[in-house]
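> Supplied structure: upload-v4.cif, mmCIF, C-alpha atoms.
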data_my_file
loop_
_atom_site.label_atom_id
_atom_site.label_comp_id
_atom_site.auth_asym_id
_atom_site.auth_seq_id
_atom_site.Cartn_x
_atom_site.Cartn_y
_atom_site.Cartn_z
CA MET A 1 138.91 116.46 22.62
CA PHE A 2 142.46 115.85 23.64
CA LYS A 3 144.90 113.57 21.86
CA THR A 4 147.94 112.01 23.38
CA SER A 5 150.99 110.85 21.59
CA LEU A 6 153.70 108.46 22.70
CA ASN A 7 157.18 108.34 21.37
CA ARG A 8 158.93 105.00 20.83
CA PRO A 9 160.82 104.92 24.16
CA HIS A 10 157.59 105.57 26.10
CA LEU A 11 155.73 102.90 24.12
CA ALA A 12 158.45 100.35 24.75
CA LEU A 13 158.28 101.00 28.49
CA LEU A 14 154.49 100.55 28.55
CA LEU A 15 154.69 97.26 26.64
CA ALA A 16 157.33 95.93 28.97
CA ALA A 17 155.19 96.79 31.98
CA ALA A 18 152.16 95.10 30.46
CA LEU A 19 154.06 91.91 29.76
CA ALA A 20 155.24 91.81 33.35
CA LEU A 21 151.67 91.70 34.71
CA PRO A 22 150.28 88.27 35.72
CA VAL A 23 147.80 86.75 33.27
CA VAL A 24 144.29 86.25 34.70
CA HIS A 25 142.15 83.53 33.09
CA ALA A 26 138.40 83.93 33.10
CA LYS A 27 136.35 81.24 34.90
CA PRO A 28 132.75 80.24 34.19
CA LEU A 29 130.23 81.95 36.40
CA LYS A 30 128.67 79.86 39.15
CA THR A 31 125.44 80.46 41.00
CA GLY A 32 124.84 80.04 44.72
CA LYS A 33 127.32 80.18 47.56
CA ALA A 34 130.90 79.28 46.89
CA ALA A 35 131.79 75.87 48.25
CA LYS A 36 134.71 75.42 50.58
CA PRO A 37 137.68 73.71 48.93
CA ALA A 38 137.44 69.96 49.45
CA PRO A 39 140.42 68.26 51.04
CA ALA A 40 142.50 66.23 48.63
CA ALA A 41 141.28 62.65 48.51
CA GLU A 42 143.68 59.89 49.33
CA ALA A 43 144.70 57.81 46.36
CA ALA A 44 143.02 54.43 46.10
CA PRO A 45 145.35 51.56 46.95
CA ALA A 46 147.21 50.17 43.96
CA VAL A 47 145.64 47.04 42.52
CA PRO A 48 148.05 44.10 42.49
CA LYS A 49 148.48 42.73 38.99
CA VAL A 50 147.46 39.12 38.49
CA SER A 51 148.08 37.03 35.42
CA GLY A 52 145.59 34.76 33.72
CA GLN A 53 145.12 32.55 30.69
CA THR A 54 143.42 34.00 27.62
CA VAL A 55 140.58 31.70 26.57
CA ALA A 56 137.98 31.64 23.81
CA PHE A 57 134.56 30.04 23.51
CA GLN A 58 131.54 30.31 21.24
CA SER A 59 128.20 31.87 22.05
CA GLY A 60 125.00 30.14 21.00
CA ASP A 61 125.04 31.58 17.48
CA GLY A 62 128.72 30.81 16.92
CA THR A 63 130.10 34.25 17.81
CA LEU A 64 133.60 33.82 19.22
CA LEU A 65 134.05 35.38 22.65
CA SER A 66 137.31 36.17 24.40
CA GLY A 67 137.93 35.90 28.11
CA VAL A 68 140.61 35.43 30.74
CA TRP A 69 140.74 32.52 33.17
CA TYR A 70 142.45 33.16 36.51
CA GLY A 71 143.47 30.61 39.10
CA PRO A 72 143.60 26.82 38.83
CA GLU A 73 142.74 25.49 35.39
CA HIS A 74 140.14 23.17 36.90
CA ALA A 75 138.15 24.35 39.89
CA ASP A 76 134.93 23.45 41.68
CA ARG A 77 134.11 27.03 42.67
CA VAL A 78 134.27 29.62 39.90
CA VAL A 79 133.32 33.30 39.97
CA LEU A 80 132.07 34.57 36.60
CA LEU A 81 132.24 38.34 35.98
CA SER A 82 130.07 40.16 33.39
CA HIS A 83 130.84 43.78 32.48
CA GLN A 84 128.64 46.82 31.89
CA TYR A 85 127.77 48.75 28.73
CA ASN A 86 130.66 50.45 26.91
CA ARG A 87 133.18 48.90 29.31
CA THR A 88 135.19 45.67 29.29
CA GLN A 89 136.36 42.80 31.46
CA ASP A 90 139.31 44.97 32.55
CA ASP A 91 136.95 46.72 34.99
CA TRP A 92 137.12 43.71 37.28
CA ALA A 93 140.85 44.01 38.08
CA PRO A 94 140.29 45.36 41.64
CA LEU A 95 138.13 42.36 42.53
CA LEU A 96 140.51 39.66 41.31
CA PRO A 97 143.21 39.50 44.04
CA GLY A 98 140.73 38.91 46.85
CA LEU A 99 138.77 36.25 44.97
CA LEU A 100 141.93 34.38 44.01
CA ALA A 101 143.20 34.58 47.58
CA GLN A 102 140.07 32.71 48.65
CA GLY A 103 140.99 29.84 46.34
CA TYR A 104 138.39 30.37 43.62
CA ALA A 105 138.97 30.35 39.89
CA VAL A 106 137.69 33.46 38.11
CA LEU A 107 136.48 33.91 34.54
CA THR A 108 136.14 37.36 32.99
CA TYR A 109 135.04 37.87 29.39
CA ASN A 110 133.93 40.51 26.91
CA PHE A 111 130.44 40.48 25.49
CA ARG A 112 130.12 40.35 21.70
CA GLY A 113 131.17 43.55 19.98
CA TYR A 114 133.79 44.37 22.61
CA PRO A 115 137.20 43.37 21.17
CA PRO A 116 138.84 40.96 21.25
CA SER A 117 135.43 39.26 21.26
CA ALA A 118 133.99 39.07 17.75
CA GLY A 119 130.69 40.33 16.37
CA LYS A 120 128.76 43.55 16.84
CA ILE A 121 127.22 44.91 20.02
CA ASP A 122 123.78 43.33 20.25
CA LEU A 123 121.95 43.47 23.55
CA SER A 124 119.44 40.85 22.44
CA HIS A 125 122.18 38.19 22.42
CA ILE A 126 124.31 38.99 25.46
CA ALA A 127 122.34 36.65 27.72
CA ASP A 128 123.49 33.89 25.36
CA ASP A 129 127.06 35.14 25.80
CA LEU A 130 126.70 34.80 29.57
CA ARG A 131 125.28 31.30 29.19
CA ALA A 132 128.23 30.39 26.95
CA ALA A 133 130.68 31.67 29.56
CA SER A 134 128.99 29.57 32.24
CA THR A 135 129.12 26.50 29.99
CA PHE A 136 132.85 27.07 29.52
CA ALA A 137 133.32 27.33 33.29
CA ARG A 138 131.38 24.08 33.77
CA SER A 139 133.68 22.42 31.23
CA ARG A 140 136.58 23.28 33.52
CA GLY A 141 135.05 21.55 36.48
CA ALA A 142 132.84 24.25 38.00
CA GLY A 143 130.32 22.51 40.21
CA HIS A 144 129.48 25.82 41.85
CA LEU A 145 129.16 29.20 40.14
CA ALA A 146 128.93 32.74 41.50
CA LEU A 147 127.85 35.41 39.01
CA VAL A 148 128.98 39.00 39.61
CA SER A 149 127.67 41.50 37.08
CA ALA A 150 127.60 45.26 36.58
CA SER A 151 124.74 47.31 35.15
CA MET A 152 123.92 45.83 31.71
CA GLY A 153 125.56 42.56 32.68
CA GLY A 154 123.35 42.40 35.74
CA ILE A 155 120.15 42.82 33.76
CA VAL A 156 120.77 39.67 31.72
CA THR A 157 122.09 37.79 34.74
CA VAL A 158 118.60 37.76 36.26
CA PRO A 159 116.84 35.73 33.51
CA ALA A 160 119.96 33.75 32.57
CA ALA A 161 120.37 32.55 36.15
CA LEU A 162 117.27 30.40 35.74
CA ASP A 163 119.19 28.34 33.17
CA ILE A 164 122.68 28.60 34.64
CA GLN A 165 121.60 27.73 38.21
CA PRO A 166 124.41 29.53 40.07
CA ASP A 167 124.81 29.25 43.81
CA LEU A 168 124.53 33.03 44.04
CA TYR A 169 124.70 36.25 42.11
CA VAL A 170 125.73 39.84 42.83
CA LEU A 171 124.38 42.79 40.84
CA LEU A 172 126.08 46.20 40.81
CA SER A 173 123.84 49.15 39.83
CA SER A 174 121.69 47.11 37.48
CA PRO A 175 118.65 48.80 35.90
CA GLY A 176 115.42 46.85 35.69
CA ALA A 177 115.50 47.16 31.91
CA TYR A 178 117.54 48.74 29.13
CA GLY A 179 116.78 48.63 25.43
CA SER A 180 115.73 45.11 24.50
CA ILE A 181 116.83 43.47 27.77
CA ALA A 182 115.05 43.25 31.12
CA ALA A 183 115.31 41.71 34.58
CA PRO A 184 111.77 40.35 35.10
CA ASP A 185 110.24 40.23 38.56
CA GLU A 186 109.22 36.64 37.86
CA ALA A 187 112.85 35.61 37.36
CA LEU A 188 113.93 37.39 40.54
CA LYS A 189 111.25 35.54 42.48
CA ALA A 190 111.87 32.14 40.89
CA SER A 191 115.65 31.92 41.17
CA THR A 192 116.92 29.92 44.13
CA ALA A 193 120.32 31.65 44.00
CA ALA A 194 121.33 33.85 46.92
CA LYS A 195 121.28 37.47 45.74
CA LEU A 196 123.20 40.59 46.71
CA PHE A 197 122.04 43.91 45.27
CA ILE A 198 124.57 46.75 45.42
CA ASN A 199 124.33 50.39 44.43
CA SER A 200 125.41 53.88 45.46
CA LYS A 201 123.15 56.42 47.14
CA TYR A 202 122.99 58.81 44.19
CA ASP A 203 123.06 56.39 41.25
CA SER A 204 120.23 56.87 38.75
CA TYR A 205 119.11 53.26 39.14
CA LEU A 206 118.94 53.04 42.93
CA ALA A 207 115.15 52.71 42.80
CA ASP A 208 115.53 49.74 40.42
CA THR A 209 118.04 48.14 42.77
CA THR A 210 115.70 48.58 45.73
CA HIS A 211 112.78 47.13 43.78
CA MET A 212 114.77 44.07 42.72
CA HIS A 213 115.68 43.39 46.32
CA GLU A 214 112.07 43.77 47.43
CA VAL A 215 110.64 41.28 44.93
CA ALA A 216 113.49 38.75 44.91
CA GLY A 217 112.92 35.36 46.45
CA GLY A 218 115.22 33.34 48.67
CA THR A 219 118.31 34.57 50.48
CA LYS A 220 118.91 38.21 49.59
CA ALA A 221 120.67 41.34 50.76
CA LEU A 222 120.81 45.01 49.78
CA GLN A 223 123.79 47.31 50.33
CA VAL A 224 123.79 51.00 49.38
CA PHE A 225 127.10 52.86 49.55
CA PRO A 226 127.82 56.61 49.71
CA GLY A 227 128.37 58.64 46.55
CA GLY A 228 127.12 58.24 43.02
CA ALA A 229 129.44 55.67 41.43
CA HIS A 230 127.81 53.36 38.90
CA GLY A 231 128.55 49.69 38.31
CA ALA A 232 132.20 48.68 38.38
CA ASP A 233 133.19 52.24 39.29
CA LEU A 234 132.21 51.21 42.82
CA LEU A 235 135.37 49.07 42.79
CA SER A 236 137.71 52.05 42.49
CA GLY A 237 138.22 55.12 44.65
CA ASP A 238 138.26 55.61 48.39
CA GLY A 239 135.16 53.52 49.11
CA ALA A 240 136.26 50.55 47.02
CA PRO A 241 137.73 48.35 49.79
CA VAL A 242 134.39 48.27 51.63
CA VAL A 243 132.49 47.33 48.47
CA ILE A 244 135.01 44.66 47.51
CA ARG A 245 134.82 43.19 51.02
CA ALA A 246 131.01 43.11 50.86
CA ILE A 247 131.11 41.16 47.60
CA SER A 248 133.79 38.74 48.80
CA ASP A 249 132.04 38.10 52.11
CA PHE A 250 128.69 37.44 50.43
CA ILE A 251 130.26 34.99 48.01
CA ALA A 252 132.10 33.15 50.78
CA ALA A 253 128.93 32.85 52.87
CA ASN A 254 126.60 31.62 50.15
CA TRP A 255 128.24 28.74 48.32
CA ARG A 256 126.05 25.68 48.42
CA SER A 257 127.61 22.65 50.08
#
Rewrite the structure from the file as structure tokens, please.

Amino acid sequence: MFKTSLNRPHLALLLAAALALPVVHAKPLKTGKAAKPAPAAEAAPAVPKVSGQTVAFQSGDGTLLSGVWYGPEHADRVVLLSHQYNRTQDDWAPLLPGLLAQGYAVLTYNFRGYPPSAGKIDLSHIADDLRAASTFARSRGAGHLALVSASMGGIVTVPAALDIQPDLYVLLSSPGAYGSIAAPDEALKASTAAKLFINSKYDSYLADTTHMHEVAGGTKALQVFPGGAHGADLLSGDGAPVVIRAISDFIAANWRS
């Protein structure tokens, strides 16, 4: 066996050469054919900031809920927005400018357990939170209500609409049921509100969305958009303008006189 020895000058030269080499980082192995690089997506248009009035109202059990009122303090036509699980009323920012431009007032709010609303997250009571928000809107002159809800918010919109009696409602990616809450077929059939059901092609709950549309009574529409965005995520990204326009157009066309 042969041994090699390096003196200090030789060792220094080898180290210097090693340090000069580019560093190569390992990447996880992938299976299948390598995909072609996707072209860089264009940035979604910036959402204009709109200011509103922070408001508070109590749910049926006294839990204090926080919301934001946009537009005229008293309005006949009000759009009420209910957020999805583990998200907040801030999700609705992309929808606000267009609704306000049409002259509506808009009320967003956080369900219980989502600060600054008080209480703990409790799905069994969020339908009461929605009813409380609608009562607050009525107290500010709302003779006509449109409910727009995402995922979890959409589930409770279906049964609550029988009490609230909105002119219309729009559901984004709402499951038929989750935990202790459900959107019963009977409520979908019985409600006289016009209904728009929206989802993306690859969302996990597309079958639920399709079923809701099939069993719903009255004026109804179904729109399925490309991609796999869920709930309020449909309002951001490259496809957002088309989704926002679909919601705005449906609302404008389905107010009761």
> In terms of the shortest atom-to-atom distance over only C-alpha atoms, which of A:Ile251, A:Leu99, A:Asn110, A:Phe225 is closest to Tyr169 (chain A)?
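Smallest distance to Tyr169 (chain A) is found for A:Ile251.
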> Find the smallest box with edges along x, y and z containing every listed atom of region 239-252 of chain A, then add 4 Å on each side and report centre and edge lengths in Å to one decimal, as lines of an AutoDock Vina configuration file.

center_x = 133.2
center_y = 43.3
center_z = 49.6
size_x = 17.0
size_y = 28.4
size_z = 13.1
> Would you please work out which residue, of A:Ala221, A:Leu107, A:Ala75, A:Leu171, is nearest to Gly141 (chain A) when using only C-alpha atoms?
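Ranking A:Ala221, A:Leu107, A:Ala75, A:Leu171 by distance to Gly141 (chain A), first place goes to A:Ala75.
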> Find the residues of region 57-138 of chain A that sit at most 12 Å from region 228-237 of chain A; for each, write down the nearest two atoms and how far apart they are in Å, to one decimal. Count all atoms listed in the file. Sort by chain, then by number going up, and give it as CSV.

residue,atom,partner,partner_atom,distance
A:Leu81,CA,A:Ala232,CA,10.6
A:Ser82,CA,A:Ala232,CA,10.1
A:His83,CA,A:Ala232,CA,7.8
A:Gln84,CA,A:Gly231,CA,7.0
A:Tyr85,CA,A:Gly231,CA,9.7
A:Asn86,CA,A:Gly231,CA,11.6
A:Arg87,CA,A:Ala232,CA,9.1
A:Thr88,CA,A:Ala232,CA,10.0
A:Gln89,CA,A:Ala232,CA,10.0
A:Asp90,CA,A:Ala232,CA,9.9
A:Asp91,CA,A:Ala232,CA,6.2
A:Trp92,CA,A:Ala232,CA,7.1
A:Ala93,CA,A:Leu235,CA,8.8
A:Pro94,CA,A:Leu235,CA,6.3
A:Leu95,CA,A:Leu235,CA,7.3
A:Leu96,CA,A:Leu235,CA,10.8
> Restricting it to C-alpha atoms, dump the selection as a PDB file, in the coordinates of the input.

ATOM      1  CA  LEU A  81     132.240  38.340  35.980  1.00  0.00           C
ATOM      2  CA  SER A  82     130.070  40.160  33.390  1.00  0.00           C
ATOM      3  CA  HIS A  83     130.840  43.780  32.480  1.00  0.00           C
ATOM      4  CA  GLN A  84     128.640  46.820  31.890  1.00  0.00           C
ATOM      5  CA  TYR A  85     127.770  48.750  28.730  1.00  0.00           C
ATOM      6  CA  ASN A  86     130.660  50.450  26.910  1.00  0.00           C
ATOM      7  CA  ARG A  87     133.180  48.900  29.310  1.00  0.00           C
ATOM      8  CA  THR A  88     135.190  45.670  29.290  1.00  0.00           C
ATOM      9  CA  GLN A  89     136.360  42.800  31.460  1.00  0.00           C
ATOM     10  CA  ASP A  90     139.310  44.970  32.550  1.00  0.00           C
ATOM     11  CA  ASP A  91     136.950  46.720  34.990  1.00  0.00           C
ATOM     12  CA  TRP A  92     137.120  43.710  37.280  1.00  0.00           C
ATOM     13  CA  ALA A  93     140.850  44.010  38.080  1.00  0.00           C
ATOM     14  CA  PRO A  94     140.290  45.360  41.640  1.00  0.00           C
ATOM     15  CA  LEU A  95     138.130  42.360  42.530  1.00  0.00           C
ATOM     16  CA  LEU A  96     140.510  39.660  41.310  1.00  0.00           C
TER      17      LEU A  96
END
> Once the PyMOL selection byres ((chain A and resi 155-158) around 6) is applied to the coordinates I shared, what remains selected? I want it as JSON, numbers by chain.
{"A": [127, 152, 153, 154, 159, 160, 161, 174, 182, 183]}
> Compare A:Gly239, A:Gly143, A:Gly119, A:Gly98 by their minimum atom-to-atom distance to Val47 (chain A), counting all atoms listed in the file, and give me the closest one.
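Residue with the minimum atom-to-atom distance to Val47 (chain A): A:Gly98.
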